[in-house]
Amino acid sequence: MLAPAPAKKLRAEAEALLRLEGFLLDLVTVGLGGLTEGGARAIAEEARRLGDLDVTRGAADRLRVIAEQVSPGAAPAGPELTAPLRGPAAVITELVTELWALARRGRRGAEAKLAGAEATAEDAYVESLLGRPFRLTELEQAGYWVKDRSLIELADERTWSSSRGDASATGYLLDLDEGALMREWTSLPERARSSSRAALRPIREGVIFVTEAALYPGSPGLVNRRIRWDDKATPSKVRERPRTDLDYARLHALARPVSALLASLREQRRRVLGPREAVGLVSIARFQTAGRDLFAVDHEGTELVLRDPEGARYPTTDNLRRAAAAFGAGSLAVRLYLDRDARAFVGQPLALVAGVEHLRLGL
Amino acid sequence: MTRPSSPVASPASPREALRALQESVERLVMAGAELARGSADLASAQAALAPLAARATVIARGLALAREASEARGKRAAAALLELAARLHQVTFATAPLATVTGERADLPKVTALNSPLRLAELAPLVDALTGASGARRRAHLLRDAVARGRARDLRLVPLAIAALADRAIAPLVAEELLPSLGPTAALALREALALPGGEPDARKLQAIARIEGAAARPLLERAVALGSPRVRAKAIRELAAVDPIAAEPLARARLAEDEVDEVKVAAALALSVATSDASLEALVAAFTSAPRLHAGTGLALAASPHPEATARILSLLTPDLKELAPRAAPPLSRWIGARAAQEKARAAEERRDYEGALERLTAVLALLGGRKDPRATAALLEIFRAHAVPKARDAAARALLASGYAGAFDELAPAVYDADFTTRAELIEHVFADAARAPTRAFDRLGRFLDPASFTTERHITFAAHLLDALASGAQIASGVASEGDELEEEDDPAEEDETDTPAHAEASERSGAAARILAEDERWTLACVALLGHEELTSPALDVLAGVRSAHALETVLTLAARPIPPRHAFRMLQVLVGYPDARVAATLPRFLSALHGYWGRRAAYRAMRAYDDPAVAPALVAWTSGRRRVDRRERAELDELLRFLRRDRAVASSPRR
């Protein structure tokens with residue numbers, strides 16, 4: 001039996017998500033392309049309401065992204081109705097579909113908890129997508145905890161979100177023991193960036209040894225699970241040492257063929273709420289060009305076209321072209337994603353490790 | 001709204017059929033779920049998939065949802081559409097292939113290694129500087145410093161540096177220093193991004209390529225000279241002359257003679273400034289004599305020409321008719337009267353044009369001779385300066401003598417300085433200041449007498465003294481090392497403006513001011529001369545401007561004495577600027593007296609801020625008295641006054657907390 005306070009919170013969450021479901025259905029009934037200024041304001045207002053609850057902030061952020069993409073009065077008409085959607089319209093469709101699925105899944109989870117059901121890993125994952133903040137102690141108690149991991153950072157990306165008004169940094173860390181590629185993510189409100197006490201995650205140049213860390217819940221097959229540890233942990237819990245040739249040898253040994261990463265992404269997307277992209281380390285035999293395209297060929301002969309996603313904040317493919325021309329092939333940290341126009345998978349390179357040379361391609 | 005219609009062709013394969021269904025669903029999400037009923041598009045996609053339903057449950061489920069969407073109404077239709085869209089996304093991920101490689105395959109060209117060694121703390125400011133991120137300040141300084149320390153070599157900077165070539169404030173630095181420091185990798189990227197018909201950014205790309213590749217860039221530069229836009233042609237010919245002067249010579253001669261754009265002609269002339277052939281010397285002389293609008297460019301090239309006969313050839317341009325040019329007399333009034341007035345008018349206009357043309361030619365030749373720094377040229381200039389009948393010609397010769405570095409130029413010109421025009425006087429002052437870099441006291445020995453009130457016998461003497469004080473004042477500002485508070489605020493508000501301080505023009509101006517600052521700092525006679533001028537009606541303001549930039553007990557005492565009398569409003573702000581430079585308690589007590597003399601809030605704001613800086617509580621009663629005597633104080637000023645009074649009256653027994 002739940003205590004009154006958590007039960008009240010769960011009921012509020014379920015109600016908010018039910019309202020969000022209805023709101024999204026209303027939007028789709030009218031058509032997102034036919035939104036008026038009033039409709040856009042309504043989306044913003046709904047996002048504000050969702051943002052008031054700390055367990056639905058993630059949903060609020062997604063709704064704000066939709067509001068950013070929607071331009072009132074831009075409904076497709078005439079010939080546009082028979083053409084495939086491009087640009088923001090295609091993104092909006094995807095976002096709305098996923099948000100709707102997230103709201104439904106989240107509401108069901110909350111209702112099940114209210115009915116006394118045990119929370120599953122999938123439930124926790126949905127909660128994390130909805131934006132529920134987890135404390136490290138909670139994660140430890142729930143068993144989302146790993147010990148003694150040696151991690152090597154492959155890439156670091158920094159972004160700024162105008163819809164959330166915050167800056168974030170994501171590091172992709174390779175577990176040198178198990179080969180999993182994990183995500184270390186931090187964010188800061190824009191106004192806190194100038195504070196000397198708050199900082200985004202640092203770029204990690206060495207090998208980090210973490211004695212204890214939380215590994216966030218994920219749906220089965222999730223490729224890049226989030227890892228987090230106490231930033232203020234004593235040196236005995238988190239140590240960093242310079243990289244050695246052996247670390248690089250291990251890194252190259254853990255690089256997979258392109259087909260394995262593709263299979264992982266497909267597996268991840270078997271769940272509606274699985275991320276649409278996956279970052280992995282693939283072993284590349286050579287890089288070549290075809291026309292203006294750059295592509296990588298792995299040791300199985302599989303070819304992976306490398307291309308920056310539309311609207312990428314910092315394009316990296318040309319940097320790989322230069323790095324590969326100078327340093328040759330190696331292990332490539334790459335983000336595999338579906339090119340909407342081509343309806344085919346392509347990769348965005350994030351870093352190239354050639355021998356013991358680690359070339360970071362992005363910012 | 002138009003109802004979605006069917007695509008022209010029916011889908012052929014299961015994948016295409018699924019894709020058609022997905023596109024149809026996405027369009028309906030945007031257009032409105034209500035339109036799903038009777039959508040021919042959706043129906044067509046369903047029909048194409050129907051035969052496949054038995055083979056795959058996912059297709060069967062999709063078809064059921066599509067049917068529900070096309071038959072239901074309102075939210076039910078919307079829910080079915082969203083459910084269908086979600087499933088189709090999954091199907092797409094499950095079935096989409098890797099993108100196929102098309103086109104002719106090629107290996108990557110081998111380039112020199114450029115890796116990514118910079119740490120975030122080093123990289124982030126450079127990224128901000130290159131992208132002009134808000135808050136980025138002193139961008140050019142930061143980039144130049146990083147290049148000098150070898151901490152700008154990073155693969156990730158290449159695309160940002162290329163994009164920054166369109167940023168006027170830092171483009172020259174990026175093209176000439178940053179990109180060359182990135183080496184051949186950057187050159188390869190620049191070649192890929194280069195468009196010969198482009199504008200200034202492409203010209204800069206070409207420049208950077210030439211700086212990186214040197215002579216290897218010759219074929220590209222030759223192609224750019226032939227095919228580029230005027231801006232690109234101009235840059236290409238200059239860079240070609242730098243990397244391969246011999247190859248550039250014939251091309252530059254051809255451009256100088258044939259190009260239709262002056263910018264390219266000037267660039268071609270400058271490219272020939274290193275040429276040693278007779279043909280190139282003659283091409284430059286021909287361009288100089290035939291096109292007055294190109295005098296500046298061709299003159300620079302001829303002045304620098306290493307050809308052994310260059311000086312002699314230029315001296316030959318000083319023809320007897322130019323040497324003997326007489327002052328032009330005004331035509332007699334009788335020419336304008338009578339039936340032939342129009343003809344006479346036209347002839348007079350023609351004569352005037354001819355005369356002005358000859359004078360312009362003479363002036364240009366004299367400037368050219370000044371640039372040669374050759375005893376034969378100096379002799380010719382002295383002859384013109386001493387004997388020419390036309391004042392403008394003498395002024396031009398004077399300026400040329402100063403520019404030539406002739407040691408006796410000041411002694412030659414000083415007696416005639418009052419008669420010279422503004423530009424000549426400015427150049428004379430600048431020449432003396434620059435010369436004083438080696439011996440700062442020499443400047444006062446030469447120019448000090450022009451500030452002696454006893455020498456002010458005519459208006460021209462006062463005008464020249466004011467000119468000299470203005471030149472000193474610009475140096476005084478640098479010497480004091482402070483700008484007014486208003487200036488500081490403006491700098492903070494506009495980071496881009498600060499980048500303008502990295503331009504060559506600004507550097508030149510800074511150098512001039514720097515010379516003035518040095519002589520002021522090292523020779524107190526200037527300060528004493530300015531103090532002596534404080535009673536002079538017309539020279540008090542510029543003298544105060546100079547004194548605001550120096551620290552002298554004598555100046556402080558004099559201005560405090562002046563402030564003790566009724567403060568003249570026209571000098572009040574400048575007197576305040578002089579006084580606030582001194583940490584002297586008497587200044588604080590004087591400040592309230594300025595309030596009545598200063599006009600407007602912006603003027604008084606300087607006094608308010610000074611009161612805050614001196615932080616003397618004894619000022620508060622005077623401030624209150626002054627405020628109560630005013631009938632109208634605007635809201636902004638009232639707020640500042642209140643805040644100032646609160647500050648001055650605060651409890652000083654309480655230690656202020658340290659600033660975080």
# chains A, B, ... in the order shown; residues from 1 in each chain; ligands from 1
$ interface_residues --of "chain B" --to "chain A" --cutoff "6 Å" --atoms "only C-alpha atoms" --output "VMD selection string"
chain B and resid 2 4 23 29 to 34 74 to 75 78 82 86 93 to 94 96 to 99 103 to 113 115 to 116
$ write_last_selection --atoms "N, CA, C and O atoms" --output "tab-separated table (two decimals), in the first residue's frame"
chain	number	residue	atom	x	y	z
B	2	THR	N	-7.70	21.15	-48.89
B	2	THR	CA	-7.73	20.14	-49.94
B	2	THR	C	-7.64	18.75	-49.34
B	2	THR	O	-6.87	18.52	-48.41
B	4	PRO	N	-6.48	14.99	-49.12
B	4	PRO	CA	-5.31	14.27	-49.65
B	4	PRO	C	-5.71	13.40	-50.83
B	4	PRO	O	-6.70	12.68	-50.78
B	23	GLU	N	3.94	7.65	-45.33
B	23	GLU	CA	3.89	9.05	-45.78
B	23	GLU	C	2.47	9.58	-45.72
B	23	GLU	O	2.23	10.73	-45.35
B	29	VAL	N	-1.46	13.36	-40.13
B	29	VAL	CA	-1.19	13.92	-38.80
B	29	VAL	C	-1.04	15.43	-38.91
B	29	VAL	O	-1.51	16.18	-38.06
B	30	MET	N	-0.43	15.88	-39.98
B	30	MET	CA	-0.24	17.31	-40.16
B	30	MET	C	-1.52	17.99	-40.65
B	30	MET	O	-1.83	19.11	-40.27
B	31	ALA	N	-2.23	17.28	-41.55
B	31	ALA	CA	-3.39	17.92	-42.17
B	31	ALA	C	-4.64	17.79	-41.31
B	31	ALA	O	-5.57	18.58	-41.43
B	32	GLY	N	-4.69	16.80	-40.41
B	32	GLY	CA	-5.86	16.62	-39.55
B	32	GLY	C	-6.44	15.22	-39.73
B	32	GLY	O	-6.70	14.78	-40.87
B	33	ALA	N	-6.67	14.54	-38.61
B	33	ALA	CA	-7.15	13.16	-38.66
B	33	ALA	C	-8.54	13.07	-39.30
B	33	ALA	O	-8.92	12.03	-39.84
B	34	GLU	N	-9.29	14.17	-39.22
B	34	GLU	CA	-10.64	14.17	-39.82
B	34	GLU	C	-10.58	13.85	-41.31
B	34	GLU	O	-11.53	13.31	-41.87
B	74	GLY	N	-13.17	11.91	-35.16
B	74	GLY	CA	-12.62	12.64	-34.02
B	74	GLY	C	-11.40	11.98	-33.41
B	74	GLY	O	-10.48	11.55	-34.12
B	75	LYS	N	-11.43	11.91	-32.06
B	75	LYS	CA	-10.25	11.45	-31.35
B	75	LYS	C	-9.92	10.00	-31.63
B	75	LYS	O	-8.75	9.60	-31.56
B	78	ALA	N	-7.84	9.98	-34.59
B	78	ALA	CA	-6.51	10.51	-34.26
B	78	ALA	C	-5.68	9.46	-33.53
B	78	ALA	O	-4.49	9.26	-33.82
B	82	LEU	N	-2.16	7.83	-34.75
B	82	LEU	CA	-0.91	7.89	-33.98
B	82	LEU	C	-0.37	6.50	-33.70
B	82	LEU	O	0.83	6.25	-33.77
B	86	ALA	N	3.20	5.16	-35.01
B	86	ALA	CA	4.23	4.58	-34.13
B	86	ALA	C	4.67	3.22	-34.64
B	86	ALA	O	5.87	2.91	-34.68
B	93	PHE	N	12.33	1.12	-38.99
B	93	PHE	CA	13.62	0.80	-38.38
B	93	PHE	C	13.98	-0.67	-38.57
B	93	PHE	O	15.15	-1.02	-38.69
B	94	ALA	N	12.97	-1.49	-38.57
B	94	ALA	CA	13.25	-2.92	-38.70
B	94	ALA	C	13.63	-3.30	-40.12
B	94	ALA	O	14.34	-4.29	-40.34
B	96	ALA	N	14.55	-0.85	-42.79
B	96	ALA	CA	15.39	0.06	-43.59
B	96	ALA	C	16.80	-0.51	-43.72
B	96	ALA	O	17.33	-1.08	-42.76
B	97	PRO	N	17.40	-0.35	-44.86
B	97	PRO	CA	18.76	-0.85	-45.05
B	97	PRO	C	19.78	0.23	-44.70
B	97	PRO	O	19.41	1.37	-44.41
B	98	LEU	N	21.02	-0.14	-44.74
B	98	LEU	CA	22.07	0.89	-44.67
B	98	LEU	C	22.03	1.67	-45.98
B	98	LEU	O	21.73	1.10	-47.04
B	99	ALA	N	22.32	2.94	-45.93
B	99	ALA	CA	22.32	3.74	-47.16
B	99	ALA	C	23.36	3.19	-48.12
B	99	ALA	O	24.43	2.75	-47.69
B	103	GLY	N	28.07	6.48	-56.92
B	103	GLY	CA	29.12	7.33	-57.48
B	103	GLY	C	30.45	6.62	-57.53
B	103	GLY	O	30.62	5.52	-57.00
B	104	GLU	N	31.37	7.28	-58.18
B	104	GLU	CA	32.69	6.67	-58.38
B	104	GLU	C	33.48	6.69	-57.07
B	104	GLU	O	33.59	7.72	-56.42
B	105	ARG	N	34.01	5.54	-56.71
B	105	ARG	CA	34.73	5.44	-55.44
B	105	ARG	C	36.17	5.92	-55.58
B	105	ARG	O	36.79	5.67	-56.61
B	106	ALA	N	36.64	6.55	-54.57
B	106	ALA	CA	38.03	7.02	-54.60
B	106	ALA	C	38.60	6.98	-53.20
B	106	ALA	O	37.87	7.12	-52.21
B	107	ASP	N	39.93	6.78	-53.14
B	107	ASP	CA	40.59	6.82	-51.84
B	107	ASP	C	40.74	8.28	-51.42
B	107	ASP	O	40.73	9.19	-52.26
B	108	LEU	N	40.89	8.47	-50.14
B	108	LEU	CA	41.07	9.84	-49.63
B	108	LEU	C	42.47	10.33	-49.99
B	108	LEU	O	43.42	9.56	-49.92
B	109	PRO	N	42.58	11.59	-50.36
B	109	PRO	CA	43.93	12.12	-50.63
B	109	PRO	C	44.72	12.18	-49.33
B	109	PRO	O	44.17	12.46	-48.27
B	110	LYS	N	46.01	11.91	-49.43
B	110	LYS	CA	46.85	11.92	-48.23
B	110	LYS	C	47.13	13.37	-47.83
B	110	LYS	O	47.47	14.19	-48.67
B	111	VAL	N	46.93	13.67	-46.60
B	111	VAL	CA	47.24	15.03	-46.12
B	111	VAL	C	48.10	14.94	-44.86
B	111	VAL	O	48.18	13.89	-44.23
B	112	THR	N	48.68	16.08	-44.53
B	112	THR	CA	49.50	16.13	-43.32
B	112	THR	C	48.60	15.99	-42.09
B	112	THR	O	47.47	16.46	-42.09
B	113	ALA	N	49.16	15.36	-41.08
B	113	ALA	CA	48.35	15.10	-39.89
B	113	ALA	C	47.99	16.38	-39.14
B	113	ALA	O	48.83	17.24	-38.93
B	115	ASN	N	45.64	16.84	-35.68
B	115	ASN	CA	44.77	16.11	-34.76
B	115	ASN	C	43.96	17.07	-33.89
B	115	ASN	O	43.79	18.24	-34.27
B	116	SER	N	43.46	16.56	-32.80
B	116	SER	CA	42.56	17.40	-31.97
B	116	SER	C	43.10	17.46	-30.54
B	116	SER	O	42.51	16.91	-29.62
$ residues_around --residues "B:Ile246" --least-positions-apart "4" --cutoff "10 Å" --atoms "only C-alpha atoms" --output "PDB file with all heavy atoms, in the first residue's frame"
ATOM      1  N   LEU B 240      49.742  35.803 -56.048  1.00  0.00           N
ATOM      2  CA  LEU B 240      50.623  35.201 -57.048  1.00  0.00           C
ATOM      3  C   LEU B 240      51.969  35.932 -57.055  1.00  0.00           C
ATOM      4  O   LEU B 240      53.036  35.300 -57.151  1.00  0.00           O
ATOM      5  CB  LEU B 240      49.955  35.269 -58.432  1.00  0.00           C
ATOM      6  CG  LEU B 240      50.657  34.524 -59.562  1.00  0.00           C
ATOM      7  CD1 LEU B 240      50.803  33.043 -59.238  1.00  0.00           C
ATOM      8  CD2 LEU B 240      49.892  34.684 -60.869  1.00  0.00           C
ATOM      9  N   ALA B 241      51.916  37.240 -56.947  1.00  0.00           N
ATOM     10  CA  ALA B 241      53.159  38.010 -56.911  1.00  0.00           C
ATOM     11  C   ALA B 241      53.995  37.633 -55.696  1.00  0.00           C
ATOM     12  O   ALA B 241      55.214  37.657 -55.740  1.00  0.00           O
ATOM     13  CB  ALA B 241      52.848  39.498 -56.884  1.00  0.00           C
ATOM     14  N   ALA B 242      53.308  37.277 -54.618  1.00  0.00           N
ATOM     15  CA  ALA B 242      54.035  36.914 -53.395  1.00  0.00           C
ATOM     16  C   ALA B 242      54.670  35.531 -53.515  1.00  0.00           C
ATOM     17  O   ALA B 242      55.786  35.321 -53.037  1.00  0.00           O
ATOM     18  CB  ALA B 242      53.087  36.957 -52.193  1.00  0.00           C
ATOM     19  N   PRO B 250      53.865  38.975 -66.076  1.00  0.00           N
ATOM     20  CA  PRO B 250      53.077  39.181 -67.310  1.00  0.00           C
ATOM     21  C   PRO B 250      51.575  39.249 -67.051  1.00  0.00           C
ATOM     22  O   PRO B 250      50.863  40.045 -67.660  1.00  0.00           O
ATOM     23  CB  PRO B 250      53.439  37.975 -68.180  1.00  0.00           C
ATOM     24  CG  PRO B 250      54.089  36.993 -67.274  1.00  0.00           C
ATOM     25  CD  PRO B 250      54.665  37.744 -66.141  1.00  0.00           C
ATOM     26  N   LEU B 251      51.113  38.413 -66.097  1.00  0.00           N
ATOM     27  CA  LEU B 251      49.678  38.430 -65.799  1.00  0.00           C
ATOM     28  C   LEU B 251      49.272  39.772 -65.192  1.00  0.00           C
ATOM     29  O   LEU B 251      48.225  40.334 -65.518  1.00  0.00           O
ATOM     30  CB  LEU B 251      49.332  37.307 -64.810  1.00  0.00           C
ATOM     31  CG  LEU B 251      49.324  35.890 -65.368  1.00  0.00           C
ATOM     32  CD1 LEU B 251      49.073  34.887 -64.241  1.00  0.00           C
ATOM     33  CD2 LEU B 251      48.247  35.750 -66.415  1.00  0.00           C
ATOM     34  N   LEU B 272      53.119  44.448 -59.215  1.00  0.00           N
ATOM     35  CA  LEU B 272      54.317  44.801 -59.986  1.00  0.00           C
ATOM     36  C   LEU B 272      55.327  45.596 -59.161  1.00  0.00           C
ATOM     37  O   LEU B 272      56.394  45.947 -59.663  1.00  0.00           O
ATOM     38  CB  LEU B 272      53.907  45.616 -61.222  1.00  0.00           C
ATOM     39  CG  LEU B 272      53.161  44.816 -62.305  1.00  0.00           C
ATOM     40  CD1 LEU B 272      52.699  45.741 -63.416  1.00  0.00           C
ATOM     41  CD2 LEU B 272      54.043  43.706 -62.876  1.00  0.00           C
ATOM     42  N   VAL B 274      57.225  44.625 -57.057  1.00  0.00           N
ATOM     43  CA  VAL B 274      58.468  43.869 -56.834  1.00  0.00           C
ATOM     44  C   VAL B 274      59.131  43.498 -58.163  1.00  0.00           C
ATOM     45  O   VAL B 274      60.164  42.833 -58.190  1.00  0.00           O
ATOM     46  CB  VAL B 274      58.195  42.583 -56.021  1.00  0.00           C
ATOM     47  CG1 VAL B 274      57.817  42.915 -54.589  1.00  0.00           C
ATOM     48  CG2 VAL B 274      57.112  41.738 -56.675  1.00  0.00           C
ATOM     49  N   ALA B 275      58.530  43.938 -59.267  1.00  0.00           N
ATOM     50  CA  ALA B 275      59.045  43.550 -60.580  1.00  0.00           C
ATOM     51  C   ALA B 275      60.287  44.375 -60.940  1.00  0.00           C
ATOM     52  O   ALA B 275      60.388  45.553 -60.576  1.00  0.00           O
ATOM     53  CB  ALA B 275      57.969  43.748 -61.635  1.00  0.00           C
ATOM     54  N   THR B 276      61.195  43.758 -61.676  1.00  0.00           N
ATOM     55  CA  THR B 276      62.439  44.463 -62.019  1.00  0.00           C
ATOM     56  C   THR B 276      62.578  44.700 -63.521  1.00  0.00           C
ATOM     57  O   THR B 276      63.552  45.298 -63.968  1.00  0.00           O
ATOM     58  CB  THR B 276      63.657  43.641 -61.550  1.00  0.00           C
ATOM     59  OG1 THR B 276      63.499  42.312 -62.026  1.00  0.00           O
ATOM     60  CG2 THR B 276      63.762  43.633 -60.030  1.00  0.00           C
ATOM     61  N   SER B 277      61.618  44.225 -64.309  1.00  0.00           N
ATOM     62  CA  SER B 277      61.783  44.352 -65.773  1.00  0.00           C
ATOM     63  C   SER B 277      61.408  45.759 -66.231  1.00  0.00           C
ATOM     64  O   SER B 277      60.613  46.457 -65.601  1.00  0.00           O
ATOM     65  CB  SER B 277      60.911  43.311 -66.470  1.00  0.00           C
ATOM     66  OG  SER B 277      59.555  43.668 -66.316  1.00  0.00           O
TER      67      SER B 277
END
$ residues_around --residues "stretch 46-51 of chain A" --least-positions-apart "5" --cutoff "8 Å" --atoms "only C-alpha atoms" --output "VMD selection string"
chain A and resid 16 20 56 to 61 63 to 64
